[in-house]
Each structure stands twice: as C-alpha cells, then as structure tokens.
>>> print(open('upload-v5.cif').read())   # mmCIF, C-alpha atoms
data_entry
loop_
_atom_site.group_PDB
_atom_site.id
_atom_site.type_symbol
_atom_site.label_atom_id
_atom_site.label_comp_id
_atom_site.auth_asym_id
_atom_site.auth_seq_id
_atom_site.Cartn_x
_atom_site.Cartn_y
_atom_site.Cartn_z
ATOM 1 C CA PRO S 13 0.000 0.000 0.000
ATOM 2 C CA LEU S 14 2.699 2.496 0.916
ATOM 3 C CA GLY S 15 4.600 1.738 -2.282
ATOM 4 C CA ILE S 16 1.733 2.515 -4.639
ATOM 5 C CA LEU S 17 0.757 5.569 -2.573
ATOM 6 C CA THR S 18 4.260 7.017 -2.849
ATOM 7 C CA GLY S 19 4.622 6.077 -6.512
ATOM 8 C CA VAL S 20 1.336 7.679 -7.571
ATOM 9 C CA LEU S 21 2.050 10.890 -5.662
ATOM 10 C CA LEU S 22 5.536 11.169 -7.146
ATOM 11 C CA VAL S 23 4.533 10.436 -10.749
ATOM 12 C CA LEU S 24 1.312 12.443 -10.915
ATOM 13 C CA GLY S 25 2.811 15.288 -8.902
ATOM 14 C CA ARG S 26 5.664 15.602 -11.394
ATOM 15 C CA LEU S 27 3.365 15.247 -14.432
ATOM 16 C CA SER S 28 0.987 17.848 -13.068
ATOM 17 C CA ALA S 29 3.797 20.281 -12.233
ATOM 18 C CA GLN S 30 5.130 19.994 -15.792
ATOM 19 C CA GLN S 31 1.634 20.551 -17.271
ATOM 20 C CA GLU S 32 1.551 17.045 -18.743
ATOM 21 C CA ILE S 33 -1.825 16.338 -17.136
ATOM 22 C CA THR S 34 -3.185 19.547 -18.707
ATOM 23 C CA ALA S 35 -1.886 18.435 -22.103
ATOM 24 C CA MET S 36 -3.568 15.017 -21.773
ATOM 25 C CA ARG S 37 -6.888 16.563 -20.823
ATOM 26 C CA SER S 38 -6.587 19.068 -23.694
ATOM 27 C CA ALA S 39 -6.221 16.084 -26.020
ATOM 28 C CA GLY S 40 -9.639 14.871 -24.866
ATOM 29 C CA LEU S 41 -8.650 12.372 -22.179
ATOM 30 C CA SER S 42 -10.767 12.373 -19.034
ATOM 31 C CA LEU S 43 -9.256 11.990 -15.591
ATOM 32 C CA LEU S 44 -10.733 8.504 -15.385
ATOM 33 C CA GLN S 45 -8.989 7.498 -18.629
ATOM 34 C CA ILE S 46 -5.696 8.908 -17.355
ATOM 35 C CA ALA S 47 -6.074 7.038 -14.059
ATOM 36 C CA THR S 48 -7.241 3.712 -15.567
ATOM 37 C CA PRO S 49 -3.720 2.174 -15.703
ATOM 38 C CA ILE S 50 -3.202 3.125 -12.058
ATOM 39 C CA PHE S 51 -6.481 1.495 -11.030
ATOM 40 C CA PHE S 52 -5.515 -1.633 -12.974
ATOM 41 C CA ILE S 53 -2.146 -1.827 -11.228
ATOM 42 C CA ALA S 54 -3.860 -1.231 -7.879
ATOM 43 C CA LEU S 55 -6.316 -4.085 -8.479
ATOM 44 C CA VAL S 56 -3.435 -6.392 -9.385
ATOM 45 C CA GLY S 57 -1.737 -5.230 -6.202
ATOM 46 C CA VAL S 58 -4.856 -6.081 -4.172
ATOM 47 C CA GLY S 59 -4.878 -9.639 -5.518
ATOM 48 C CA PHE S 60 -1.153 -10.035 -4.948
ATOM 49 C CA SER S 61 -1.463 -8.657 -1.407
ATOM 50 C CA VAL S 62 -4.273 -11.084 -0.567
ATOM 51 C CA VAL S 63 -2.076 -14.019 -1.592
ATOM 52 C CA VAL S 64 0.896 -12.658 0.355
ATOM 53 C CA ASN S 65 -1.151 -11.844 3.483
ATOM 54 C CA PHE S 66 -2.863 -15.228 3.642
ATOM 55 C CA GLU S 67 -0.194 -17.604 2.329
ATOM 56 C CA TYR S 68 3.371 -16.387 1.945
ATOM 57 C CA ALA S 69 3.646 -13.989 4.909
ATOM 58 C CA PRO S 70 2.319 -16.394 7.604
ATOM 59 C CA SER S 71 4.356 -19.252 6.140
ATOM 60 C CA ALA S 72 7.467 -17.069 6.210
ATOM 61 C CA ARG S 73 6.795 -16.069 9.840
ATOM 62 C CA GLN S 74 6.407 -19.700 10.858
ATOM 63 C CA GLN S 75 9.517 -20.750 8.935
ATOM 64 C CA TYR S 76 11.521 -17.926 10.502
ATOM 65 C CA ARG S 77 10.348 -19.023 13.951
ATOM 66 C CA ASP S 78 11.297 -22.626 13.237
ATOM 67 C CA ASP S 79 14.723 -21.673 11.859
ATOM 68 C CA LEU S 80 15.409 -19.412 14.844
ATOM 69 C CA ALA S 81 14.392 -22.156 17.261
ATOM 70 C CA GLN S 82 16.614 -24.642 15.444
ATOM 71 C CA ALA S 83 19.553 -22.221 15.573
ATOM 72 C CA VAL S 84 19.083 -21.771 19.326
ATOM 73 C CA ARG S 85 18.962 -25.531 19.834
ATOM 74 C CA LEU S 86 22.082 -26.237 17.764
ATOM 75 C CA ASN S 87 24.252 -23.380 19.027
ATOM 76 C CA PRO S 88 22.749 -21.306 21.845
ATOM 77 C CA LEU S 89 25.892 -19.143 22.089
ATOM 78 C CA ASN S 90 25.028 -17.531 18.759
ATOM 79 C CA PHE S 91 21.967 -16.065 20.415
ATOM 80 C CA VAL S 92 24.103 -13.974 22.781
ATOM 81 C CA VAL S 93 25.747 -10.827 21.395
ATOM 82 C CA GLU S 94 28.721 -9.288 23.134
ATOM 83 C CA ARG S 95 28.186 -6.023 25.048
ATOM 84 C CA THR S 96 24.443 -6.127 24.336
ATOM 85 C CA PHE S 97 21.516 -6.390 26.744
ATOM 86 C CA VAL S 98 19.506 -9.480 25.768
ATOM 87 C CA ASP S 99 15.902 -9.237 27.026
ATOM 88 C CA GLN S 100 14.246 -11.999 24.986
ATOM 89 C CA PHE S 101 14.148 -14.276 28.039
ATOM 90 C CA PRO S 102 10.887 -13.701 29.996
ATOM 91 C CA GLY S 103 11.755 -12.314 33.416
ATOM 92 C CA TYR S 104 15.489 -11.954 32.732
ATOM 93 C CA VAL S 105 17.987 -9.562 31.159
ATOM 94 C CA LEU S 106 21.420 -10.908 30.209
ATOM 95 C CA TYR S 107 24.620 -9.018 29.453
ATOM 96 C CA VAL S 108 27.897 -10.603 28.302
ATOM 97 C CA GLY S 109 31.093 -8.590 28.013
ATOM 98 C CA GLU S 110 32.998 -11.014 25.806
ATOM 99 C CA LYS S 111 32.742 -14.449 24.176
ATOM 100 C CA GLU S 112 35.771 -16.735 23.859
ATOM 101 C CA ASP S 113 34.844 -19.871 21.925
ATOM 102 C CA GLU S 114 32.241 -21.494 24.215
ATOM 103 C CA VAL S 115 33.067 -19.433 27.300
ATOM 104 C CA LEU S 116 31.252 -16.247 28.311
ATOM 105 C CA ARG S 117 33.229 -13.545 30.110
ATOM 106 C CA ASP S 118 31.962 -10.821 32.452
ATOM 107 C CA VAL S 119 28.384 -12.087 32.734
ATOM 108 C CA TRP S 120 25.642 -9.925 34.292
ATOM 109 C CA LEU S 121 22.127 -11.244 34.899
ATOM 110 C CA TRP S 122 19.069 -9.408 36.191
ATOM 111 C CA GLU S 123 15.965 -11.323 37.308
ATOM 112 C CA LEU S 124 12.792 -9.184 37.155
ATOM 113 C CA ASP S 125 9.361 -9.539 38.723
ATOM 114 C CA ASP S 126 6.008 -9.180 36.954
ATOM 115 C CA GLN S 127 6.287 -5.378 37.165
ATOM 116 C CA ARG S 128 9.765 -5.411 35.590
ATOM 117 C CA ARG S 129 11.375 -4.538 38.935
ATOM 118 C CA LEU S 130 14.715 -5.992 39.980
ATOM 119 C CA ARG S 131 14.422 -9.120 42.105
ATOM 120 C CA LEU S 132 17.873 -10.709 41.843
ATOM 121 C CA PHE S 133 21.200 -9.502 40.459
ATOM 122 C CA ILE S 134 24.073 -11.848 39.578
ATOM 123 C CA GLN S 135 27.541 -11.028 38.290
ATOM 124 C CA ALA S 136 30.095 -13.685 37.363
ATOM 125 C CA GLU S 137 33.570 -13.798 35.883
ATOM 126 C CA SER S 138 32.660 -16.499 33.344
ATOM 127 C CA GLY S 139 29.916 -18.850 32.298
ATOM 128 C CA GLY S 140 28.443 -21.051 29.606
ATOM 129 C CA LEU S 141 25.156 -21.771 27.846
ATOM 130 C CA ALA S 142 23.595 -25.128 27.028
ATOM 131 C CA TYR S 143 20.235 -26.074 25.548
ATOM 132 C CA ASP S 144 17.978 -28.305 27.664
ATOM 133 C CA ARG S 145 15.781 -30.280 25.275
ATOM 134 C CA GLN S 146 13.395 -31.609 27.953
ATOM 135 C CA THR S 147 12.376 -28.191 29.290
ATOM 136 C CA GLU S 148 13.148 -26.282 26.061
ATOM 137 C CA SER S 149 15.171 -23.696 27.934
ATOM 138 C CA LEU S 150 18.758 -22.473 28.124
ATOM 139 C CA LEU S 151 20.840 -23.497 31.116
ATOM 140 C CA LEU S 152 23.200 -20.666 32.068
ATOM 141 C CA THR S 153 26.131 -21.872 34.175
ATOM 142 C CA LEU S 154 28.026 -19.152 36.069
ATOM 143 C CA ASP S 155 31.463 -19.443 37.693
ATOM 144 C CA ARG S 156 33.111 -17.278 40.357
ATOM 145 C CA GLY S 157 30.681 -14.488 41.078
ATOM 146 C CA TYR S 158 28.243 -13.001 43.554
ATOM 147 C CA SER S 159 24.503 -12.385 43.814
ATOM 148 C CA GLU S 160 22.276 -9.811 45.468
ATOM 149 C CA ILE S 161 18.661 -10.517 46.431
ATOM 150 C CA ARG S 162 16.638 -7.292 46.348
ATOM 151 C CA ASP S 163 13.890 -6.321 48.757
ATOM 152 C CA GLU S 164 10.409 -6.964 47.303
ATOM 153 C CA ASP S 165 8.998 -3.692 48.651
ATOM 154 C CA ASP S 166 12.038 -1.584 47.701
ATOM 155 C CA PRO S 167 13.983 -3.132 44.793
ATOM 156 C CA GLU S 168 16.678 -0.468 45.133
ATOM 157 C CA GLU S 169 17.722 -2.003 48.452
ATOM 158 C CA VAL S 170 19.336 -5.377 49.133
ATOM 159 C CA ARG S 171 17.008 -7.634 51.131
ATOM 160 C CA ASP S 172 19.392 -7.791 54.089
ATOM 161 C CA SER S 173 21.761 -4.835 53.834
ATOM 162 C CA ARG S 174 23.685 -5.999 56.922
ATOM 163 C CA ASN S 175 25.095 -8.980 55.002
ATOM 164 C CA PRO S 176 27.490 -8.669 52.056
ATOM 165 C CA PRO S 177 26.516 -10.061 48.631
ATOM 166 C CA LEU S 178 26.473 -13.850 48.485
ATOM 167 C CA GLU S 179 29.549 -15.194 46.710
ATOM 168 C CA PHE S 180 29.547 -18.482 44.832
ATOM 169 C CA ALA S 181 31.982 -20.724 42.994
ATOM 170 C CA ARG S 182 29.415 -22.079 40.561
ATOM 171 C CA THR S 183 25.674 -21.731 40.086
ATOM 172 C CA SER S 184 23.171 -22.160 37.295
ATOM 173 C CA VAL S 185 20.054 -20.354 36.100
ATOM 174 C CA ARG S 186 17.429 -21.688 33.690
ATOM 175 C CA LEU S 187 16.417 -19.122 31.056
ATOM 176 C CA PRO S 188 12.970 -19.725 29.447
ATOM 177 C CA LEU S 189 12.627 -19.531 25.679
ATOM 178 C CA GLU S 190 8.898 -18.830 25.402
ATOM 179 C CA ASN S 191 9.445 -15.612 23.428
ATOM 180 C CA ILE S 192 11.527 -17.504 20.855
ATOM 181 C CA LEU S 193 10.122 -21.015 20.706
ATOM 182 C CA GLY S 194 6.614 -20.133 21.870
ATOM 183 C CA LYS S 195 4.706 -21.759 24.694
ATOM 184 C CA ARG S 196 4.525 -25.524 24.618
ATOM 185 C CA THR S 197 0.825 -25.678 23.832
ATOM 186 C CA GLY S 198 1.036 -27.136 20.337
ATOM 187 C CA ASN S 199 -1.048 -24.247 18.976
ATOM 188 C CA VAL S 200 0.105 -21.918 16.208
ATOM 189 C CA LYS S 201 -0.474 -18.184 16.545
ATOM 190 C CA LEU S 202 -3.085 -16.650 14.253
ATOM 191 C CA SER S 203 -0.457 -14.408 12.657
ATOM 192 C CA ARG S 204 1.390 -17.527 11.457
ATOM 193 C CA MET S 205 -1.678 -19.334 10.074
ATOM 194 C CA THR S 206 -2.450 -19.593 6.385
ATOM 195 C CA PHE S 207 -5.961 -19.038 5.025
ATOM 196 C CA SER S 208 -6.935 -22.706 5.232
ATOM 197 C CA GLN S 209 -5.626 -22.956 8.805
ATOM 198 C CA ILE S 210 -7.514 -19.848 9.913
ATOM 199 C CA MET S 211 -10.761 -21.089 8.374
ATOM 200 C CA GLU S 212 -10.266 -24.456 10.053
ATOM 201 C CA GLU S 213 -9.717 -22.682 13.378
ATOM 202 C CA ARG S 214 -12.872 -20.630 12.839
ATOM 203 C CA GLN S 215 -14.893 -23.737 11.998
ATOM 204 C CA GLN S 216 -13.721 -25.480 15.161
ATOM 205 C CA ILE S 217 -14.891 -22.532 17.256
ATOM 206 C CA LEU S 218 -18.282 -22.408 15.520
ATOM 207 C CA THR S 219 -18.882 -26.141 15.903
ATOM 208 C CA ALA S 220 -17.976 -26.198 19.598
ATOM 209 C CA PRO S 221 -20.535 -27.832 21.928
ATOM 210 C CA GLU S 222 -23.389 -25.674 23.179
ATOM 211 C CA GLU S 223 -22.025 -25.629 26.722
ATOM 212 C CA GLU S 224 -18.905 -23.880 25.404
ATOM 213 C CA LEU S 225 -20.874 -20.906 24.054
ATOM 214 C CA SER S 226 -19.232 -18.679 26.615
ATOM 215 C CA ARG S 227 -17.481 -15.341 26.638
ATOM 216 C CA PRO S 228 -14.000 -16.870 26.059
ATOM 217 C CA ARG S 229 -15.368 -18.659 22.991
ATOM 218 C CA GLN S 230 -16.868 -15.407 21.696
ATOM 219 C CA SER S 231 -13.556 -13.625 22.241
ATOM 220 C CA SER S 232 -11.727 -16.361 20.347
ATOM 221 C CA LEU S 233 -14.157 -16.062 17.458
ATOM 222 C CA ILE S 234 -13.735 -12.274 17.337
ATOM 223 C CA ARG S 235 -9.935 -12.631 17.286
ATOM 224 C CA VAL S 236 -10.109 -15.060 14.366
ATOM 225 C CA GLN S 237 -12.545 -12.869 12.432
ATOM 226 C CA MET S 238 -10.442 -9.775 13.125
ATOM 227 C CA GLU S 239 -7.377 -11.552 11.753
ATOM 228 C CA ILE S 240 -9.270 -12.454 8.576
ATOM 229 C CA GLN S 241 -10.777 -9.004 8.088
ATOM 230 C CA GLU S 242 -7.504 -7.236 8.873
ATOM 231 C CA ARG S 243 -5.617 -9.184 6.206
ATOM 232 C CA PHE S 244 -8.296 -8.468 3.609
ATOM 233 C CA ALA S 245 -8.466 -4.805 4.662
ATOM 234 C CA MET S 246 -4.700 -4.388 4.408
ATOM 235 C CA ALA S 247 -4.766 -5.860 0.917
ATOM 236 C CA PHE S 248 -7.643 -3.606 -0.146
ATOM 237 C CA ALA S 249 -5.646 -0.640 1.194
ATOM 238 C CA VAL S 250 -3.644 -0.722 -2.045
ATOM 239 C CA LEU S 251 -6.743 0.387 -3.975
ATOM 240 C CA SER S 252 -7.915 2.799 -1.266
ATOM 241 C CA LEU S 253 -4.616 4.660 -1.058
ATOM 242 C CA ALA S 254 -4.281 4.732 -4.845
ATOM 243 C CA THR S 255 -7.775 6.238 -5.170
ATOM 244 C CA LEU S 256 -6.845 9.004 -2.741
ATOM 245 C CA ALA S 257 -3.372 9.532 -4.192
ATOM 246 C CA ILE S 258 -4.568 10.192 -7.769
ATOM 247 C CA PRO S 259 -6.438 13.476 -7.140
ATOM 248 C CA LEU S 260 -3.938 14.523 -4.479
ATOM 249 C CA GLY S 261 -0.984 13.978 -6.807
ATOM 250 C CA ILE S 262 -2.617 16.118 -9.507
ATOM 251 C CA THR S 263 -3.693 18.842 -7.080
ATOM 252 C CA ILE S 264 -0.452 19.155 -5.134
ATOM 253 C CA GLN S 265 1.625 19.768 -8.302
ATOM 254 C CA ARG S 266 4.995 19.331 -6.634
ATOM 255 C CA LYS S 267 8.266 18.696 -8.434
ATOM 256 C CA GLU S 268 10.132 18.132 -5.178
ATOM 257 C CA THR S 269 10.363 14.470 -4.233
ATOM 258 C CA SER S 270 10.647 15.266 -0.526
ATOM 259 C CA ALA S 271 7.292 17.099 -0.458
ATOM 260 C CA ASN S 272 5.469 14.181 -2.075
ATOM 261 C CA LEU S 273 7.195 11.713 0.220
ATOM 262 C CA PHE S 274 6.101 13.770 3.214
ATOM 263 C CA VAL S 275 2.475 13.730 2.053
ATOM 264 C CA ALA S 276 2.685 9.961 1.486
ATOM 265 C CA LEU S 277 4.116 9.445 4.958
ATOM 266 C CA ILE S 278 1.347 11.480 6.620
ATOM 267 C CA LEU S 279 -1.395 9.589 4.755
ATOM 268 C CA ALA S 280 0.147 6.195 5.492
ATOM 269 C CA MET S 281 0.588 6.986 9.182
ATOM 270 C CA THR S 282 -3.031 8.136 9.398
ATOM 271 C CA PHE S 283 -4.278 4.965 7.728
ATOM 272 C CA TYR S 284 -2.243 2.588 9.880
ATOM 273 C CA MET S 285 -3.053 4.517 13.060
ATOM 274 C CA LEU S 286 -6.755 4.076 12.356
ATOM 275 C CA MET S 287 -6.192 0.350 11.873
ATOM 276 C CA VAL S 288 -4.410 0.166 15.228
ATOM 277 C CA VAL S 289 -7.168 2.126 16.989
ATOM 278 C CA PHE S 290 -9.874 -0.261 15.800
ATOM 279 C CA ALA S 291 -7.670 -3.247 16.681
ATOM 280 C CA TRP S 292 -7.749 -2.019 20.286
ATOM 281 C CA LEU S 293 -11.492 -2.790 20.336
ATOM 282 C CA GLU S 294 -10.781 -6.512 20.262
ATOM 283 C CA ARG S 295 -12.120 -6.885 23.808
ATOM 284 C CA GLN S 296 -15.417 -5.229 22.853
ATOM 285 C CA PRO S 297 -17.045 -7.905 20.642
ATOM 286 C CA GLY S 298 -20.396 -6.105 20.798
ATOM 287 C CA LEU S 299 -18.938 -3.264 18.703
ATOM 288 C CA ARG S 300 -17.961 -5.741 15.946
ATOM 289 C CA PRO S 301 -14.312 -4.652 15.734
ATOM 290 C CA ASP S 302 -13.785 -7.142 12.908
ATOM 291 C CA LEU S 303 -16.071 -5.084 10.656
ATOM 292 C CA LEU S 304 -14.699 -1.784 11.960
ATOM 293 C CA MET S 305 -11.337 -2.771 10.455
ATOM 294 C CA TRP S 306 -12.821 -1.653 7.118
ATOM 295 C CA VAL S 307 -13.529 1.910 8.301
ATOM 296 C CA PRO S 308 -10.089 3.283 7.213
ATOM 297 C CA ASN S 309 -10.579 1.846 3.731
ATOM 298 C CA LEU S 310 -14.092 3.235 3.422
ATOM 299 C CA LEU S 311 -12.950 6.617 4.716
ATOM 300 C CA PHE S 312 -10.017 6.893 2.320
ATOM 301 C CA GLN S 313 -12.125 5.574 -0.560
ATOM 302 C CA GLY S 314 -14.855 8.126 0.154
ATOM 303 C CA ILE S 315 -12.432 11.046 0.381
ATOM 304 C CA GLY S 316 -10.600 9.837 -2.724
ATOM 305 C CA ILE S 317 -13.775 9.563 -4.828
ATOM 306 C CA TRP S 318 -14.950 13.003 -3.657
ATOM 307 C CA LEU S 319 -11.601 14.583 -4.559
ATOM 308 C CA PHE S 320 -11.564 12.644 -7.841
ATOM 309 C CA ILE S 321 -14.950 14.093 -8.857
ATOM 310 C CA ARG S 322 -13.901 17.601 -7.837
ATOM 311 C CA THR S 323 -10.666 17.338 -9.806
ATOM 312 C CA GLU S 324 -12.533 16.025 -12.860
ATOM 313 C CA LYS S 325 -14.853 19.032 -12.838
ATOM 314 C CA ARG S 326 -12.020 21.574 -12.648
#
>>> encode(input="upload-v5.cif", output="structure tokens")
Amino acid sequence: PLGILTGVLLVLGRLSAQQEITAMRSAGLSLLQIATPIFFIALVGVGFSVVVNFEYAPSARQQYRDDLAQAVRLNPLNFVVERTFVDQFPGYVLYVGEKEDEVLRDVWLWELDDQRRLRLFIQAESGGLAYDRQTESLLLTLDRGYSEIRDEDDPEEVRDSRNPPLEFARTSVRLPLENILGKRTGNVKLSRMTFSQIMEERQQILTAPEEELSRPRQSSLIRVQMEIQERFAMAFAVLSLATLAIPLGITIQRKETSANLFVALILAMTFYMLMVVFAWLERQPGLRPDLLMWVPNLLFQGIGIWLFIRTEKR
C-alpha cells in the first residue's frame, strides 16, 4: 500500500507540475482514462497482497520461527551478542562482556518480577550456555561471582543490607525460551496461520458444543474474524490509497520528491493509526471490531472519490 501511494504521488505530482496532465486533458482524455492504468495496477496489487497476506507472509513467519528455534537448539551461544543487553528471556535480562569460543566472560544477569522490577542480580567472571531439550530452555552456568537478592517492597535495596553479597563458585540459572520457541501448547499463533488454517480454526470454534458458548469462545471467534478481516483490509488498502493519491498527486503539483514523500508518509501513518485504533477494540465484541477494520478503507475511498470528482470538474 505504501509503495503505490508514494509512486502515484511522485509520478502524478511531477506530471501535473510539468503541465503534462493539462496536455492530456486538452487532447480529450478524461481523468478517469488517465487514471485507468493506475487502477488496474492497484487491483493487481490487491490480488497479490491477498495471496501474500494469507499464504506467503504467515508461512514465512512460521519458517523464521522454526529456523530461529533450530539455531538456538544447535548453538545457543550464537543467540548472545557481546556487550548487548539481551531481554528476549521472559523475566530476565542478560549481558555478556565477551565471548571466547564457548566461554562467556563478564556475565551480568538481572531477574525481574512481573512489574519489571529488579528481584535478583548476579555477576560472574565467566559462564556457559547449554540447551535443555526436555524443558526447552537455556541453562546458564556461572562461575566465580556473587549475587544480590533485592527487597520486594524496595527493589533499590538489598534484602538484608547488613550482610554482604552472596559469593559463589558455581551456580546455574534456567532461562525460558517462550518468546523464541513459543509456549509448549502445540497451537500456532493466528499471525502464522495460512488461510486454510484460519478457516479451520474458525470452523472449530463455531462447531464447539453448546455448553462452550461462553465469553471466552466469543472472544476467540472475534480474534479469528479480526485476523481475517484485517488481512483483507490491508490488501484492499492498495486500492484505497491509490484512489486518494490520484487526485492529491494532480492537485499538489509538486516537483520536489521530498514534499510528495512527506504527504505519502502522513497519509500512510493516518491509515495505519486508524487500523491500530480499531484493533484495540478486540475486547469489545459487541462493537464488531472485525467489521470496523474496514472503516479506514471506506474513509479513504470516500475522500478519494470526492476529490476525484472535484478534480474532474475543474
């Protein structure tokens, strides 16, 4: 969508600024005839986007997840970057000063509570990482270091400030991989489902026993329908943004690329912000947020057609 929006604004803005649009209309071409190739390309883009949104994109997300999980299993050390705070482990933040082959140097580990407050701090001279297949987690082994247990009410203070930090020769911490491998539920996220998988998921919800016609079931159905409608709406956005960009590109009459790019950026941000706002209504199934996902398209289409008619009459 953003590509065709930017392209139409750039091309028509330059043509209009150089009086090429005026020359075409003087030759007897209507604005609709001039814009027909753009509408054709936009319709092709809609079809292509539908295929990408429902087949290639979710398959690519799932494949990326699988490849990343496989990389972590085969060589977990590759997941750690030197002098970088790694926060992909739920409840933990890891920092490693240096890697030497399979040994980690200057290891810092922060354990956080549910409110992201410090609960435990560990610093060690060296350590190592190993993948635990049974629990699907990383086992971090630390050598020659110390730990500080923070007070639950005041995380800035050590729990018992009268005692020095607890030193250790060796200890280990298990780092969960839920954010990378996903929870061990066997279910695939909606964002990584193809069209056939989403429709199968929807059918399973609809054919659930009568006693399961509860609020959680309704919420699950809304989430599935929102995923379907959002993918279709994002594909249709190619045509919506093109419809709005045609009269705007002719009216703006800018030769400068930066000005047209700025207009394209503002329009795209407005469109996507509206999509995000309606996505927030997911927990209000009575408002039918799945159908409200089409409001940005209808709004941009309506404004585009109105501007198109006005430009044609000028």
>>> closest_residue(input="upload-v5.cif", among="S:Val93, S:Val58, S:Ala81, S:Met305", to="Ile240 of chain S", atoms="all atoms listed in the file")
S:Met305
>>> atom_distance(input="upload-v5.cif", atom1="atom CA of Asp155 of chain S", atom2="atom CA of Gly140 of chain S")
8.8 Å
>>> closest_residue(input="upload-v5.cif", among="S:Val84, S:Leu319, S:Glu239, S:Ala257", to="Ile278 of chain S", atoms="all atoms listed in the file")
S:Ala257
>>> atom_distance(input="upload-v5.cif", atom1="atom CA of Gly139 of chain S", atom2="atom CA of Leu152 of chain S")
7.0 Å
>>> residues_around(input="upload-v5.cif", residues="segment 291-300 of chain S", least_positions_apart="5", cutoff="7 Å", atoms="all atoms listed in the file", output="ChimeraX atom specification")
/S:231,234-235
>>> decode(input="upload-v5.cif", residues="segment 238-256 of chain S", atoms="N, CA, C and O atoms", output="PDB file, in the first residue's frame")
ATOM      1  N   MET S 238     -11.230 -10.994  13.279  1.00  0.00           N
ATOM      2  CA  MET S 238     -10.442  -9.775  13.125  1.00  0.00           C
ATOM      3  C   MET S 238      -9.182 -10.040  12.310  1.00  0.00           C
ATOM      4  O   MET S 238      -8.767  -9.214  11.490  1.00  0.00           O
ATOM      5  N   GLU S 239      -8.571 -11.203  12.532  1.00  0.00           N
ATOM      6  CA  GLU S 239      -7.377 -11.552  11.753  1.00  0.00           C
ATOM      7  C   GLU S 239      -7.709 -11.675  10.272  1.00  0.00           C
ATOM      8  O   GLU S 239      -6.965 -11.184   9.410  1.00  0.00           O
ATOM      9  N   ILE S 240      -8.852 -12.306   9.979  1.00  0.00           N
ATOM     10  CA  ILE S 240      -9.270 -12.454   8.576  1.00  0.00           C
ATOM     11  C   ILE S 240      -9.565 -11.099   7.950  1.00  0.00           C
ATOM     12  O   ILE S 240      -9.069 -10.765   6.855  1.00  0.00           O
ATOM     13  N   GLN S 241     -10.383 -10.297   8.637  1.00  0.00           N
ATOM     14  CA  GLN S 241     -10.777  -9.004   8.088  1.00  0.00           C
ATOM     15  C   GLN S 241      -9.585  -8.053   7.973  1.00  0.00           C
ATOM     16  O   GLN S 241      -9.498  -7.265   7.022  1.00  0.00           O
ATOM     17  N   GLU S 242      -8.672  -8.123   8.923  1.00  0.00           N
ATOM     18  CA  GLU S 242      -7.504  -7.236   8.873  1.00  0.00           C
ATOM     19  C   GLU S 242      -6.632  -7.551   7.661  1.00  0.00           C
ATOM     20  O   GLU S 242      -6.126  -6.645   6.996  1.00  0.00           O
ATOM     21  N   ARG S 243      -6.452  -8.820   7.361  1.00  0.00           N
ATOM     22  CA  ARG S 243      -5.617  -9.184   6.206  1.00  0.00           C
ATOM     23  C   ARG S 243      -6.278  -8.742   4.907  1.00  0.00           C
ATOM     24  O   ARG S 243      -5.595  -8.235   4.003  1.00  0.00           O
ATOM     25  N   PHE S 244      -7.606  -8.933   4.809  1.00  0.00           N
ATOM     26  CA  PHE S 244      -8.296  -8.468   3.609  1.00  0.00           C
ATOM     27  C   PHE S 244      -8.258  -6.941   3.526  1.00  0.00           C
ATOM     28  O   PHE S 244      -8.052  -6.368   2.442  1.00  0.00           O
ATOM     29  N   ALA S 245      -8.457  -6.270   4.654  1.00  0.00           N
ATOM     30  CA  ALA S 245      -8.466  -4.805   4.662  1.00  0.00           C
ATOM     31  C   ALA S 245      -7.104  -4.240   4.280  1.00  0.00           C
ATOM     32  O   ALA S 245      -7.014  -3.241   3.556  1.00  0.00           O
ATOM     33  N   MET S 246      -6.030  -4.865   4.756  1.00  0.00           N
ATOM     34  CA  MET S 246      -4.700  -4.388   4.408  1.00  0.00           C
ATOM     35  C   MET S 246      -4.411  -4.588   2.924  1.00  0.00           C
ATOM     36  O   MET S 246      -3.723  -3.777   2.300  1.00  0.00           O
ATOM     37  N   ALA S 247      -4.939  -5.652   2.351  1.00  0.00           N
ATOM     38  CA  ALA S 247      -4.766  -5.860   0.917  1.00  0.00           C
ATOM     39  C   ALA S 247      -5.566  -4.835   0.107  1.00  0.00           C
ATOM     40  O   ALA S 247      -5.081  -4.268  -0.874  1.00  0.00           O
ATOM     41  N   PHE S 248      -6.794  -4.569   0.548  1.00  0.00           N
ATOM     42  CA  PHE S 248      -7.643  -3.606  -0.146  1.00  0.00           C
ATOM     43  C   PHE S 248      -7.115  -2.192   0.004  1.00  0.00           C
ATOM     44  O   PHE S 248      -7.484  -1.292  -0.761  1.00  0.00           O
ATOM     45  N   ALA S 249      -6.230  -1.965   0.986  1.00  0.00           N
ATOM     46  CA  ALA S 249      -5.646  -0.640   1.194  1.00  0.00           C
ATOM     47  C   ALA S 249      -4.852  -0.176  -0.019  1.00  0.00           C
ATOM     48  O   ALA S 249      -4.683   1.029  -0.228  1.00  0.00           O
ATOM     49  N   VAL S 250      -4.363  -1.103  -0.820  1.00  0.00           N
ATOM     50  CA  VAL S 250      -3.644  -0.722  -2.045  1.00  0.00           C
ATOM     51  C   VAL S 250      -4.550   0.114  -2.942  1.00  0.00           C
ATOM     52  O   VAL S 250      -4.157   1.172  -3.444  1.00  0.00           O
ATOM     53  N   LEU S 251      -5.793  -0.343  -3.136  1.00  0.00           N
ATOM     54  CA  LEU S 251      -6.743   0.387  -3.975  1.00  0.00           C
ATOM     55  C   LEU S 251      -7.207   1.667  -3.290  1.00  0.00           C
ATOM     56  O   LEU S 251      -7.355   2.709  -3.945  1.00  0.00           O
ATOM     57  N   SER S 252      -7.429   1.620  -1.995  1.00  0.00           N
ATOM     58  CA  SER S 252      -7.915   2.799  -1.266  1.00  0.00           C
ATOM     59  C   SER S 252      -6.905   3.935  -1.317  1.00  0.00           C
ATOM     60  O   SER S 252      -7.249   5.095  -1.598  1.00  0.00           O
ATOM     61  N   LEU S 253      -5.641   3.630  -1.058  1.00  0.00           N
ATOM     62  CA  LEU S 253      -4.616   4.660  -1.058  1.00  0.00           C
ATOM     63  C   LEU S 253      -4.340   5.165  -2.473  1.00  0.00           C
ATOM     64  O   LEU S 253      -4.038   6.348  -2.669  1.00  0.00           O
ATOM     65  N   ALA S 254      -4.462   4.288  -3.463  1.00  0.00           N
ATOM     66  CA  ALA S 254      -4.281   4.732  -4.845  1.00  0.00           C
ATOM     67  C   ALA S 254      -5.402   5.681  -5.253  1.00  0.00           C
ATOM     68  O   ALA S 254      -5.166   6.694  -5.938  1.00  0.00           O
ATOM     69  N   THR S 255      -6.636   5.374  -4.851  1.00  0.00           N
ATOM     70  CA  THR S 255      -7.775   6.238  -5.170  1.00  0.00           C
ATOM     71  C   THR S 255      -7.595   7.631  -4.576  1.00  0.00           C
ATOM     72  O   THR S 255      -7.921   8.648  -5.217  1.00  0.00           O
ATOM     73  N   LEU S 256      -7.078   7.706  -3.370  1.00  0.00           N
ATOM     74  CA  LEU S 256      -6.845   9.004  -2.741  1.00  0.00           C
ATOM     75  C   LEU S 256      -5.627   9.710  -3.325  1.00  0.00           C
ATOM     76  O   LEU S 256      -5.600  10.942  -3.440  1.00  0.00           O
TER      77      LEU S 256
END
